[in-house]
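One file, model11.cif, carrying mmCIF, C-alpha atoms and all ligand atoms:
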data_protein
#
loop_
_atom_site.label_atom_id
_atom_site.label_comp_id
_atom_site.auth_asym_id
_atom_site.auth_seq_id
_atom_site.Cartn_x
_atom_site.Cartn_y
_atom_site.Cartn_z
CA MET A 1 -104.21 96.34 -105.78
CA LYS A 2 -106.65 93.93 -104.17
CA LYS A 3 -108.93 95.78 -101.77
CA ILE A 4 -109.57 93.79 -98.63
CA ALA A 5 -112.04 93.81 -95.73
CA ILE A 6 -111.28 91.59 -92.73
CA LEU A 7 -114.16 90.37 -90.57
CA GLY A 8 -112.52 89.58 -87.22
CA SER A 9 -109.22 91.42 -87.74
CA THR A 10 -108.32 91.26 -84.03
CA GLY A 11 -108.33 87.45 -83.86
CA SER A 12 -105.65 84.88 -84.53
CA ILE A 13 -106.44 84.63 -88.28
CA GLY A 14 -107.20 88.36 -88.57
CA THR A 15 -103.86 89.47 -87.12
CA GLN A 16 -101.95 86.95 -89.25
CA ALA A 17 -103.82 88.15 -92.35
CA LEU A 18 -102.65 91.67 -91.53
CA GLU A 19 -99.08 90.35 -91.23
CA VAL A 20 -99.38 88.94 -94.76
CA ILE A 21 -100.78 92.25 -96.01
CA ARG A 22 -98.01 94.17 -94.25
CA GLN A 23 -95.45 92.13 -96.23
CA HIS A 24 -97.15 92.95 -99.55
CA PRO A 25 -98.14 96.64 -99.48
CA GLU A 26 -97.94 96.79 -103.30
CA ARG A 27 -100.60 94.04 -103.65
CA PHE A 28 -103.18 94.61 -100.95
CA GLU A 29 -105.01 97.58 -99.51
CA VAL A 30 -107.12 97.38 -96.35
CA ILE A 31 -110.57 98.94 -96.77
CA GLY A 32 -112.31 97.60 -93.66
CA LEU A 33 -111.55 95.89 -90.34
CA SER A 34 -113.78 94.52 -87.59
CA THR A 35 -113.65 93.45 -83.97
CA HIS A 36 -116.17 92.28 -81.42
CA ALA A 37 -114.81 94.31 -78.52
CA ASN A 38 -111.01 94.70 -78.73
CA ALA A 39 -110.88 98.49 -78.85
CA ASN A 40 -107.15 98.87 -78.20
CA LEU A 41 -106.04 96.52 -80.95
CA ILE A 42 -108.41 97.82 -83.61
CA ILE A 43 -107.34 101.41 -82.84
CA GLU A 44 -103.75 100.34 -83.39
CA GLN A 45 -104.67 98.48 -86.61
CA ALA A 46 -106.68 101.46 -87.90
CA ARG A 47 -103.73 103.79 -87.29
CA GLU A 48 -101.36 101.50 -89.15
CA PHE A 49 -103.51 100.36 -92.11
CA LYS A 50 -105.73 103.46 -92.46
CA PRO A 51 -108.89 101.62 -93.61
CA ALA A 52 -111.91 103.63 -94.77
CA MET A 53 -114.05 102.02 -92.07
CA ILE A 54 -113.98 99.75 -89.06
CA HIS A 55 -116.73 97.92 -87.22
CA VAL A 56 -116.93 97.33 -83.47
CA THR A 57 -119.86 95.17 -82.30
CA ASP A 58 -119.76 96.27 -78.66
CA GLU A 59 -121.33 99.72 -78.50
CA THR A 60 -119.40 100.94 -75.47
CA GLN A 61 -116.11 99.92 -77.06
CA ALA A 62 -117.26 101.51 -80.33
CA LYS A 63 -117.63 104.86 -78.54
CA GLU A 64 -114.12 104.57 -77.16
CA VAL A 65 -112.74 103.74 -80.61
CA LYS A 66 -114.63 106.67 -82.18
CA SER A 67 -113.20 109.07 -79.69
CA ALA A 68 -109.63 107.75 -80.09
CA LEU A 69 -109.84 108.03 -83.89
CA LYS A 70 -111.81 111.27 -84.12
CA LYS A 71 -108.94 113.09 -85.80
CA SER A 72 -108.59 110.48 -88.53
CA SER A 73 -110.86 109.93 -91.54
CA VAL A 74 -111.80 106.34 -90.58
CA LYS A 75 -115.54 105.74 -90.19
CA VAL A 76 -116.43 103.75 -87.05
CA LEU A 77 -119.52 101.54 -87.41
CA THR A 78 -121.44 99.50 -84.85
CA GLY A 79 -124.58 97.28 -84.92
CA ALA A 80 -125.12 94.03 -86.88
CA ASP A 81 -126.41 95.59 -90.12
CA GLU A 82 -123.40 97.86 -90.26
CA LEU A 83 -121.11 94.81 -90.27
CA ASP A 84 -122.90 93.72 -93.45
CA ALA A 85 -122.30 97.22 -94.84
CA LEU A 86 -118.57 96.78 -94.28
CA ALA A 87 -118.59 93.34 -95.93
CA THR A 88 -120.49 94.61 -98.99
CA ASP A 89 -118.88 98.03 -99.50
CA LYS A 90 -118.48 98.84 -103.21
CA ASN A 91 -114.72 99.41 -102.84
CA VAL A 92 -114.05 95.92 -101.40
CA ASP A 93 -112.83 93.14 -103.75
CA MET A 94 -112.24 90.39 -101.21
CA VAL A 95 -113.58 89.67 -97.73
CA ILE A 96 -111.53 87.63 -95.26
CA SER A 97 -114.14 85.83 -93.17
CA ALA A 98 -112.34 85.35 -89.84
CA ILE A 99 -114.99 85.87 -87.18
CA VAL A 100 -115.34 82.80 -84.96
CA GLY A 101 -118.57 80.79 -84.84
CA PHE A 102 -122.13 81.25 -86.13
CA ALA A 103 -121.68 85.04 -85.90
CA GLY A 104 -119.55 84.86 -89.06
CA LEU A 105 -122.37 83.45 -91.19
CA LYS A 106 -124.54 86.51 -91.84
CA PRO A 107 -121.83 88.97 -92.99
CA THR A 108 -120.21 86.23 -95.12
CA ILE A 109 -123.51 85.56 -96.90
CA ALA A 110 -123.98 89.32 -97.36
CA ALA A 111 -120.49 89.55 -98.92
CA ILE A 112 -121.16 86.66 -101.32
CA ASP A 113 -124.51 88.16 -102.27
CA ALA A 114 -122.66 91.39 -103.10
CA GLY A 115 -120.27 89.44 -105.37
CA LYS A 116 -117.16 89.69 -103.18
CA ASP A 117 -114.56 86.94 -103.30
CA ILE A 118 -114.19 85.23 -99.94
CA ALA A 119 -111.06 84.03 -98.15
CA LEU A 120 -112.86 81.66 -95.80
CA ALA A 121 -111.49 80.91 -92.35
CA ASN A 122 -114.90 80.79 -90.65
CA LYS A 123 -115.63 77.09 -91.26
CA GLU A 124 -118.88 77.39 -89.29
CA THR A 125 -120.38 79.23 -92.32
CA LEU A 126 -120.15 76.04 -94.42
CA VAL A 127 -121.00 73.72 -91.53
CA VAL A 128 -124.26 75.57 -90.84
CA ALA A 129 -125.32 76.53 -94.37
CA GLY A 130 -122.96 74.86 -96.84
CA ASP A 131 -125.59 74.10 -99.50
CA ILE A 132 -127.03 77.60 -99.48
CA VAL A 133 -123.65 79.35 -99.33
CA MET A 134 -122.01 77.32 -102.10
CA ASP A 135 -125.09 77.63 -104.38
CA MET A 136 -125.07 81.37 -103.87
CA ALA A 137 -121.33 81.55 -104.57
CA THR A 138 -121.84 79.67 -107.86
CA ARG A 139 -124.71 81.92 -108.90
CA LYS A 140 -122.79 85.08 -108.04
CA GLU A 141 -119.55 83.74 -109.61
CA VAL A 142 -117.74 84.28 -106.35
CA ASN A 143 -114.53 82.43 -105.44
CA VAL A 144 -114.64 80.82 -102.00
CA LEU A 145 -110.95 80.36 -101.25
CA PRO A 146 -110.17 78.17 -98.24
CA VAL A 147 -107.96 79.51 -95.47
CA ASP A 148 -108.28 76.45 -93.24
CA SER A 149 -104.92 74.71 -93.72
CA GLU A 150 -106.36 71.28 -94.65
CA HIS A 151 -108.71 72.75 -97.23
CA SER A 152 -106.03 75.05 -98.59
CA ALA A 153 -103.83 71.95 -98.95
CA ILE A 154 -106.53 70.10 -100.91
CA PHE A 155 -107.28 73.17 -103.01
CA GLN A 156 -103.57 73.56 -103.84
CA VAL A 157 -103.22 69.85 -104.65
CA MET A 158 -106.26 70.03 -106.95
CA GLN A 159 -104.86 72.78 -109.18
CA GLY A 160 -104.78 71.27 -112.66
CA GLU A 161 -106.65 68.14 -111.47
CA ASN A 162 -110.22 66.97 -111.99
CA TYR A 163 -112.57 66.47 -109.01
CA ASP A 164 -114.23 63.56 -110.86
CA LYS A 165 -110.99 61.62 -110.53
CA VAL A 166 -110.73 61.95 -106.75
CA ARG A 167 -110.80 58.62 -104.95
CA ARG A 168 -110.23 59.93 -101.40
CA LEU A 169 -109.63 63.17 -99.55
CA ILE A 170 -107.35 62.47 -96.60
CA LEU A 171 -107.61 65.19 -93.97
CA THR A 172 -104.75 65.19 -91.52
CA ALA A 173 -105.27 66.02 -87.85
CA SER A 174 -102.64 66.68 -85.18
CA GLY A 175 -104.69 64.80 -82.58
CA GLY A 176 -104.39 67.78 -80.22
CA PRO A 177 -102.97 67.82 -76.70
CA PHE A 178 -104.69 64.58 -75.58
CA LEU A 179 -103.57 62.26 -78.34
CA ASP A 180 -101.55 60.16 -75.90
CA THR A 181 -103.79 60.64 -72.86
CA ASP A 182 -105.64 57.59 -71.63
CA VAL A 183 -109.40 57.91 -72.23
CA LYS A 184 -110.18 57.49 -68.49
CA ASP A 185 -107.91 60.45 -67.67
CA MET A 186 -109.63 62.69 -70.18
CA TYR A 187 -112.64 63.22 -67.89
CA GLY A 188 -110.53 65.25 -65.50
CA VAL A 189 -108.43 67.41 -67.88
CA SER A 190 -108.40 71.14 -67.16
CA CYS A 191 -109.10 74.09 -69.40
CA GLU A 192 -105.43 75.03 -69.29
CA ASP A 193 -104.40 71.57 -70.51
CA ALA A 194 -106.94 71.68 -73.31
CA LEU A 195 -105.74 75.11 -74.43
CA LYS A 196 -102.16 73.86 -74.93
CA HIS A 197 -102.17 72.90 -78.59
CA PRO A 198 -98.95 71.13 -79.59
CA ASN A 199 -98.50 72.71 -83.07
CA TRP A 200 -100.84 75.64 -83.69
CA ASN A 201 -101.46 78.89 -81.85
CA MET A 202 -105.14 79.71 -82.42
CA GLY A 203 -108.21 81.33 -80.82
CA ASN A 204 -109.68 79.59 -77.74
CA LYS A 205 -112.75 78.08 -79.40
CA ILE A 206 -110.91 76.32 -82.22
CA THR A 207 -108.19 75.20 -79.78
CA ILE A 208 -110.78 73.39 -77.66
CA ASP A 209 -112.39 72.04 -80.85
CA SER A 210 -108.97 70.63 -81.78
CA ALA A 211 -108.65 68.94 -78.40
CA THR A 212 -112.08 67.23 -78.76
CA MET A 213 -111.46 66.72 -82.51
CA MET A 214 -114.77 68.46 -83.19
CA ASN A 215 -112.59 70.76 -85.28
CA LYS A 216 -111.76 67.87 -87.61
CA GLY A 217 -115.43 66.90 -87.69
CA LEU A 218 -116.39 70.43 -88.71
CA GLU A 219 -113.61 70.31 -91.31
CA VAL A 220 -115.02 67.11 -92.81
CA ILE A 221 -118.35 68.92 -93.28
CA GLU A 222 -116.48 71.95 -94.66
CA ALA A 223 -114.61 69.75 -97.17
CA TYR A 224 -117.83 68.00 -98.21
CA HIS A 225 -119.35 71.37 -99.21
CA LEU A 226 -116.26 73.06 -100.62
CA PHE A 227 -115.13 70.21 -102.85
CA LYS A 228 -118.46 68.40 -103.36
CA ILE A 229 -116.95 65.07 -102.36
CA PRO A 230 -119.27 62.55 -100.63
CA PRO A 231 -118.47 61.72 -96.99
CA PHE A 232 -117.55 58.09 -97.72
CA LYS A 233 -114.62 59.43 -99.75
CA ILE A 234 -113.39 61.63 -96.90
CA GLU A 235 -110.98 60.14 -94.36
CA VAL A 236 -109.28 61.53 -91.30
CA VAL A 237 -105.80 60.40 -90.33
CA ILE A 238 -103.84 61.55 -87.30
CA HIS A 239 -100.47 63.03 -88.18
CA PRO A 240 -99.00 64.52 -84.99
CA GLN A 241 -96.20 66.50 -86.67
CA SER A 242 -98.63 68.64 -88.75
CA ILE A 243 -96.24 68.80 -91.71
CA ILE A 244 -98.55 67.21 -94.28
CA HIS A 245 -101.60 69.50 -94.26
CA SER A 246 -103.82 67.07 -96.21
CA MET A 247 -103.74 64.73 -99.20
CA VAL A 248 -105.77 63.68 -102.20
CA GLU A 249 -105.77 60.20 -103.68
CA PHE A 250 -106.79 59.93 -107.35
CA ASP A 251 -108.37 57.04 -109.26
CA ASP A 252 -104.95 55.74 -110.32
CA ARG A 253 -103.96 55.44 -106.58
CA SER A 254 -101.49 58.27 -106.91
CA ILE A 255 -101.54 60.48 -103.82
CA LYS A 256 -100.58 64.17 -103.73
CA ALA A 257 -99.83 65.87 -100.42
CA GLN A 258 -99.25 69.53 -99.58
CA MET A 259 -96.60 70.13 -96.92
CA GLY A 260 -94.94 72.85 -94.96
CA LEU A 261 -94.31 74.05 -91.43
CA PRO A 262 -97.54 74.59 -89.50
CA ASP A 263 -97.95 78.33 -90.10
CA MET A 264 -101.35 79.81 -90.98
CA ARG A 265 -99.72 82.69 -92.85
CA VAL A 266 -99.02 80.27 -95.73
CA PRO A 267 -102.66 79.29 -96.45
CA ILE A 268 -103.83 82.86 -95.71
CA GLN A 269 -101.34 84.20 -98.25
CA TYR A 270 -102.34 81.58 -100.82
CA ALA A 271 -106.01 82.60 -100.53
CA LEU A 272 -105.19 86.31 -100.72
CA GLY A 273 -102.81 85.99 -103.66
CA TYR A 274 -104.68 83.27 -105.59
CA PRO A 275 -104.08 82.31 -108.37
CA GLU A 276 -100.55 83.67 -107.89
CA ARG A 277 -97.94 82.41 -105.45
CA LEU A 278 -96.27 85.31 -103.68
CA LYS A 279 -92.81 85.31 -102.14
CA ASN A 280 -92.35 85.73 -98.41
CA LYS A 281 -89.75 85.53 -95.68
CA LEU A 282 -91.35 82.77 -93.59
CA PRO A 283 -89.10 80.09 -92.06
CA GLU A 284 -88.28 77.17 -94.36
CA LEU A 285 -88.95 73.53 -93.54
CA ASP A 286 -85.80 71.53 -92.80
CA PHE A 287 -86.74 67.89 -93.44
CA THR A 288 -83.71 66.68 -91.49
CA GLU A 289 -85.33 68.07 -88.32
CA TYR A 290 -88.23 65.65 -88.84
CA SER A 291 -86.75 62.18 -88.74
CA SER A 292 -90.21 60.63 -88.99
CA LEU A 293 -93.66 61.63 -90.13
CA THR A 294 -96.17 59.33 -88.45
CA PHE A 295 -99.82 58.44 -88.99
CA GLN A 296 -102.50 56.74 -86.94
CA LYS A 297 -106.24 56.08 -86.87
CA PRO A 298 -108.40 58.43 -84.78
CA ASP A 299 -109.85 56.74 -81.68
CA LEU A 300 -113.59 57.44 -81.79
CA GLU A 301 -114.10 56.45 -78.15
CA LYS A 302 -111.70 59.21 -77.09
CA PHE A 303 -112.91 61.64 -79.74
CA PRO A 304 -116.66 60.95 -80.20
CA ALA A 305 -117.17 64.42 -81.75
CA LEU A 306 -115.60 63.20 -84.98
CA GLY A 307 -118.17 60.40 -85.34
CA ILE A 308 -121.00 62.80 -84.47
CA ALA A 309 -119.93 65.16 -87.28
CA PHE A 310 -119.93 62.35 -89.86
CA GLU A 311 -123.38 61.31 -88.59
CA THR A 312 -124.77 64.83 -89.21
CA ILE A 313 -123.71 64.70 -92.87
CA ARG A 314 -125.60 61.42 -93.15
CA ARG A 315 -128.69 62.96 -91.53
CA GLY A 316 -128.34 66.19 -93.55
CA GLY A 317 -130.80 69.11 -93.27
CA ASN A 318 -130.31 71.23 -90.15
CA PHE A 319 -128.25 68.63 -88.22
CA PRO A 320 -124.80 70.14 -88.86
CA CYS A 321 -126.20 73.53 -87.79
CA ILE A 322 -127.53 71.94 -84.58
CA ILE A 323 -124.25 70.34 -83.55
CA ASN A 324 -122.40 73.54 -84.36
CA ALA A 325 -124.67 75.55 -82.05
CA ALA A 326 -124.54 72.95 -79.27
CA ASN A 327 -120.77 72.78 -79.58
CA GLU A 328 -120.38 76.56 -79.27
CA ILE A 329 -122.45 76.51 -76.06
CA ALA A 330 -120.65 73.45 -74.65
CA VAL A 331 -117.17 74.81 -75.43
CA ASP A 332 -118.11 78.09 -73.79
CA ALA A 333 -119.37 76.21 -70.71
CA PHE A 334 -116.13 74.22 -70.57
CA LEU A 335 -114.04 77.41 -70.86
CA ASN A 336 -116.06 78.79 -67.94
CA ASN A 337 -115.48 75.65 -65.86
CA GLN A 338 -119.18 74.69 -65.88
CA ILE A 339 -118.70 71.26 -67.47
CA GLY A 340 -115.93 68.70 -67.86
CA PHE A 341 -114.00 68.08 -71.07
CA MET A 342 -115.70 64.81 -72.06
CA GLN A 343 -119.10 66.41 -71.42
CA ILE A 344 -118.62 68.70 -74.42
CA SER A 345 -119.35 65.98 -76.95
CA LYS A 346 -122.01 64.46 -74.66
CA ILE A 347 -123.95 67.76 -74.72
CA VAL A 348 -123.52 67.98 -78.49
CA GLU A 349 -124.82 64.45 -78.95
CA GLN A 350 -127.79 64.94 -76.60
CA THR A 351 -128.74 68.12 -78.44
CA MET A 352 -128.47 66.37 -81.80
CA GLU A 353 -130.71 63.53 -80.61
CA SER A 354 -133.37 65.87 -79.26
CA ALA A 355 -133.44 68.29 -82.21
CA THR A 356 -136.37 68.92 -84.53
CA PRO A 357 -135.19 67.87 -88.01
CA VAL A 358 -135.73 70.21 -90.95
CA VAL A 359 -135.20 68.90 -94.48
CA ASN A 360 -133.82 71.44 -97.01
CA PRO A 361 -133.68 74.26 -94.49
CA ALA A 362 -133.76 77.90 -95.63
CA ILE A 363 -131.57 80.44 -93.82
CA GLU A 364 -134.47 81.41 -91.50
CA ASP A 365 -134.90 77.71 -90.55
CA LEU A 366 -131.19 77.50 -89.76
CA ILE A 367 -131.34 80.64 -87.63
CA ASN A 368 -134.27 79.08 -85.72
CA SER A 369 -132.46 75.72 -85.40
CA ASP A 370 -129.40 77.52 -84.06
CA VAL A 371 -131.48 79.29 -81.39
CA GLU A 372 -133.34 76.09 -80.48
CA ALA A 373 -130.14 74.03 -80.22
CA ARG A 374 -128.45 76.66 -78.05
CA GLY A 375 -131.45 76.63 -75.70
CA LYS A 376 -131.45 72.84 -75.46
CA ALA A 377 -127.69 72.62 -74.93
CA LYS A 378 -127.98 75.13 -72.06
CA GLU A 379 -130.78 73.03 -70.52
CA PHE A 380 -128.63 69.87 -70.70
CA ILE A 381 -125.75 71.75 -69.06
CA LYS A 382 -128.10 72.90 -66.25
CA GLN A 383 -129.30 69.33 -65.70
CA LEU A 384 -125.69 68.13 -65.43
CA ASN A 385 -124.97 70.67 -62.75
CA LYS A 386 -128.06 69.88 -60.61
P1 LIG A 401 -110.26 84.29 -82.53
O1 LIG A 401 -111.12 84.01 -81.36
O2 LIG A 401 -108.80 84.46 -82.34
O3 LIG A 401 -110.79 85.62 -83.26
C1 LIG A 401 -112.13 85.81 -83.59
C2 LIG A 401 -112.37 87.17 -84.21
O4 LIG A 401 -113.79 87.34 -84.38
C3 LIG A 401 -111.93 88.35 -83.33
O5 LIG A 401 -111.60 89.44 -84.15
C4 LIG A 401 -113.19 88.63 -82.51
O6 LIG A 401 -113.21 89.95 -81.97
C5 LIG A 401 -114.26 88.45 -83.58
N1 LIG A 401 -115.55 88.06 -83.02
C6 LIG A 401 -115.78 87.10 -82.08
N2 LIG A 401 -117.11 87.00 -81.83
C7 LIG A 401 -117.71 87.91 -82.62
C8 LIG A 401 -119.07 88.31 -82.80
N3 LIG A 401 -120.08 87.73 -82.12
N4 LIG A 401 -119.34 89.30 -83.70
C9 LIG A 401 -118.35 89.90 -84.40
N5 LIG A 401 -117.04 89.57 -84.25
C10 LIG A 401 -116.74 88.59 -83.38
O7 LIG A 401 -110.56 83.15 -83.59
P2 LIG A 401 -109.58 82.53 -84.69
O8 LIG A 401 -108.90 83.63 -85.45
O9 LIG A 401 -108.78 81.45 -84.10
O10 LIG A 401 -110.63 81.81 -85.65
C11 LIG A 401 -111.45 82.52 -86.55
C12 LIG A 401 -112.13 81.53 -87.49
O11 LIG A 401 -111.11 80.92 -88.28
C13 LIG A 401 -112.84 80.38 -86.77
O12 LIG A 401 -114.01 80.06 -87.47
C14 LIG A 401 -111.84 79.23 -86.81
O13 LIG A 401 -112.47 77.98 -86.84
C15 LIG A 401 -111.16 79.51 -88.16
N6 LIG A 401 -109.81 78.98 -88.25
C16 LIG A 401 -108.83 79.43 -87.41
C17 LIG A 401 -107.53 78.93 -87.47
C18 LIG A 401 -106.45 79.48 -86.59
O14 LIG A 401 -105.29 79.11 -86.78
N7 LIG A 401 -106.74 80.34 -85.64
C19 LIG A 401 -107.20 77.86 -88.41
C20 LIG A 401 -108.28 77.49 -89.28
C21 LIG A 401 -109.53 78.03 -89.19
P3 LIG A 401 -112.55 90.22 -80.49
O15 LIG A 401 -111.08 90.27 -80.73
O16 LIG A 401 -113.12 91.52 -80.07
O17 LIG A 401 -112.97 89.07 -79.62
MG MG A 402 -107.76 73.30 -89.97
#
Go through the file and emit its structure as structure tokens.
Amino acid sequence: MKKIAILGSTGSIGTQALEVIRQHPERFEVIGLSTHANANLIIEQAREFKPAMIHVTDETQAKEVKSALKKSSVKVLTGADELDALATDKNVDMVISAIVGFAGLKPTIAAIDAGKDIALANKETLVVAGDIVMDMATRKEVNVLPVDSEHSAIFQVMQGENYDKVRRLILTASGGPFLDTDVKDMYGVSCEDALKHPNWNMGNKITIDSATMMNKGLEVIEAYHLFKIPPFKIEVVIHPQSIIHSMVEFDDRSIKAQMGLPDMRVPIQYALGYPERLKNKLPELDFTEYSSLTFQKPDLEKFPALGIAFETIRRGGNFPCIINAANEIAVDAFLNNQIGFMQISKIVEQTMESATPVVNPAIEDLINSDVEARGKAKEFIKQLNK
């Protein structure tokens, strides 16, 4: 029995992780669950999976959850430190890190520090603090198992292979809902249009990141830290069908790809079951339904966020942390109709250019850079709306 805690169990990844666990009751036991403020869903999840504890960030919602579950033995926690307590509990073997954004960083670091294996969906953890997190994971002998489909694909392809022999990592990208939209029409796209992802059903933030291709940029940074491959060996190719989840080319020019229907339950299950492959009842891929798999170059004029992300790896230090923070603020402003779609990457770029660089940042420096970048991004948004 692998004992699991899920940070962000009420989200898109969290609920799909619970579906995987539901299919394998003999393998996995849920010890802890967490939500920001979705009282109803976490009450339902607690009743079904009977974890020892759950965490609710919002204190009012936490009270409601406590009262609804008062007859059960589940402990209801609230407050930031208590989320760390859930992630580090002595009975937990593996933590699924599925909170969205910078908020996922602290409990993930706490879990690694406590020696827990990590199934990592929260890519922002590696974007913000990849060096620190991966060093700590090595020291603590913790497995960081990718949940992100591209990174799971590369990780699966690399089983039995040597990272020294990698010539190129080729990350595939769907291109999102605006792949065929003319760049001049992208200034006026609505929130609703941007939230219509062609292949994946995900939380709002990552769906907007997919539309700007910032998601792919963040994934390049994630791959750089996870696999220790330099950025000049990492390529992005648009593959609108999302059947090939990523590829690795080796020194002998042989390329291995990992394929399947776009369904996050596959990479989630691989991370949870690793090193074993578990059976499941998911739909099978019928190749005859895909008469062509196509590929194209990303257009950096339409998707400047991708170029910005590569630039932050070149600059190093706190720059990835800065663009992550600015992006979270800009995406939020777009979702609240305060800025236009193309202004998201503009705000991110402006924030990057005005940031105070820190070389070899410690966690405290990154926390400060995050706060500073959020403040600046908000200022730029205000100026736009004057
Ligand atoms: P969702 O928005 O669907 O879910 C986020 C989860 O985190 C929810 O449980 C939410 O609680 C909780 N949460 C949000 N903010 C906070 C906070 N400040 N403190 C504590 N908990 C919080 O996101 P996704 O599941 O789509 O994404 C999660 C992560 O996985 C992201 O980093 C994303 O990039 C990554 N990822 C997602 C994929 C997908 O298919 N969805 C694919 C690959 C990676 P509440 O329900 O109360 O809001
Ligand atoms: Mg991905």
Which residues of range 41-91 of chain A come within 6 Å of range 100-115 of chain A, and for each one, what is the closest pair of atoms and their distance in Å to one decimal, counting only C-alpha atoms, sorted by chain and residue number, as a Markdown table?
| residue | atom | partner | partner_atom | distance |
| --- | --- | --- | --- | --- |
| A:Asp84 | CA | A:Pro107 | CA | 4.9 |
| A:Ala87 | CA | A:Ala111 | CA | 5.2 |
| A:Thr88 | CA | A:Ala111 | CA | 5.1 |
Convert the current residue selection to file output with C-alpha atoms, as a PDB file, keeping the file's coordinate frame.
ATOM      1  CA  ASP A  84    -122.900  93.720 -93.450  1.00  0.00           C
ATOM      2  CA  ALA A  87    -118.590  93.340 -95.930  1.00  0.00           C
ATOM      3  CA  THR A  88    -120.490  94.610 -98.990  1.00  0.00           C
TER       4      THR A  88
END
Hey, which residues come within 6 Å of ligand MG 402 (chain A) if we count only C-alpha atoms and all ligand atoms? Could you give them as an NGL selection string? :A and (148-150)
Atomic separation - CA of Leu120 in chain A relative to atom O5 of ligand LIG 401 (chain A), Å: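 Separation of atom O5 of ligand LIG 401 (chain A) and CA of Leu120 in chain A: 14.1 Å.
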Set the cut-off to 8 Å, count all atoms listed in the file, and list whatever residues fall near ligand LIG 401 (chain A) as a PyMOL selection string. chain A and resi 7-15+34-39+56-57+97-104+120-124+147-149+200-207+215+264
What's around Val266 in chain A at 12 Å? Count only C-alpha atoms, leave out sequence neighbours fewer than 4 positions away in its own chain, and write the answer as a ChimeraX atom specification. /A:13,16-17,19-20,146-150,152-153,156,245,258-262,270-274,277-284
Have a look at A:Ile96, A:Ile221, A:Ala333, A:Ile244 and name the one nearest to Thr312 in chain A; count all atoms listed in the file.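 Checking each candidate against Thr312 in chain A, we get A:Ile221 as the closest.
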Could you state the separation of CA of Ile234 in chain A and CA of Phe303 in chain A in Å, given to one decimal place?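 Computing the Euclidean distance for CA of Ile234 in chain A and CA of Phe303 in chain A yields 17.2 Å.
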If we count all atoms listed in the file, what is near Glu372 in chain A at a cut-off of 10 Å, once residues fewer than 4 positions away on the same chain are taken out, given as a count of residues only? 11
Work out how far CA of Ala223 in chain A is from CA of Ser246 in chain A, in Å to one decimal.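 Between CA of Ser246 in chain A and CA of Ala223 in chain A the gap works out to 11.2 Å.
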Find the residue from A:Leu41, A:Met342, A:Ile268, A:Ile381 that sits nearest to Tyr187 in chain A; use all atoms listed in the file when measuring.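 For Tyr187 in chain A, the nearest of the candidates is A:Met342.
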Would you list the contacts of Ile208 in chain A as a PyMOL selection string, taking every protein, DNA or RNA residue within 8 Å and counting all atoms listed in the file, but skipping same-chain residues closer than 5 positions in sequence? chain A and resi 194-195+331
Hey, what's within 12 Å of range 298-300 of chain A if we count only C-alpha atoms and toss same-chain stuff fewer than 6 positions away? As a ChimeraX atom specification, please? /A:171-176,178-183,212-214,216-217,235-240,306-310,345
Got time to write the residues from that selection, C-alpha atoms, as a compact mmCIF listing (two decimals), in the frame of the given file?
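Writing done, so here's result.txt:
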# COMPACT_ATOMS: atom_id res chain seq x y z
CA LEU A 171 -107.61 65.19 -93.97
CA THR A 172 -104.75 65.19 -91.52
CA ALA A 173 -105.27 66.02 -87.85
CA SER A 174 -102.64 66.68 -85.18
CA GLY A 175 -104.69 64.80 -82.58
CA GLY A 176 -104.39 67.78 -80.22
CA PHE A 178 -104.69 64.58 -75.58
CA LEU A 179 -103.57 62.26 -78.34
CA ASP A 180 -101.55 60.16 -75.90
CA THR A 181 -103.79 60.64 -72.86
CA ASP A 182 -105.64 57.59 -71.63
CA VAL A 183 -109.40 57.91 -72.23
CA THR A 212 -112.08 67.23 -78.76
CA MET A 213 -111.46 66.72 -82.51
CA MET A 214 -114.77 68.46 -83.19
CA LYS A 216 -111.76 67.87 -87.61
CA GLY A 217 -115.43 66.90 -87.69
CA GLU A 235 -110.98 60.14 -94.36
CA VAL A 236 -109.28 61.53 -91.30
CA VAL A 237 -105.80 60.40 -90.33
CA ILE A 238 -103.84 61.55 -87.30
CA HIS A 239 -100.47 63.03 -88.18
CA PRO A 240 -99.00 64.52 -84.99
CA LEU A 306 -115.60 63.20 -84.98
CA GLY A 307 -118.17 60.40 -85.34
CA ILE A 308 -121.00 62.80 -84.47
CA ALA A 309 -119.93 65.16 -87.28
CA PHE A 310 -119.93 62.35 -89.86
CA SER A 345 -119.35 65.98 -76.95
Find, counting all atoms listed in the file, the residue in A:Asn143, A:Ala46, A:Asp251, A:Val220 that gets nearest to Lys165 in chain A.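 Closest to Lys165 in chain A of all the choices is A:Asp251.
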Which is closer to Ala257 in chain A than all the others in A:Ile170, A:Leu226, A:Val359, A:Ala52, using all atoms listed in the file?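 Nearest candidate to Ala257 in chain A out of A:Ile170, A:Leu226, A:Val359, A:Ala52: A:Ile170.
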Closest of A:Leu293, A:Leu218, A:Ile347, A:Ile339 to Val128 in chain A - atom-to-atom distances counting all atoms listed in the file: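 Among A:Leu293, A:Leu218, A:Ile347, A:Ile339, it is A:Leu218 that comes nearest to Val128 in chain A.
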Using only C-alpha atoms, which residue out of A:Glu349, A:Gln338, A:Gly160, A:Lys75 lies closest to Gln383 in chain A?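 Between A:Glu349, A:Gln338, A:Gly160, A:Lys75, the residue approaching Gln383 in chain A most closely is A:Gln338.
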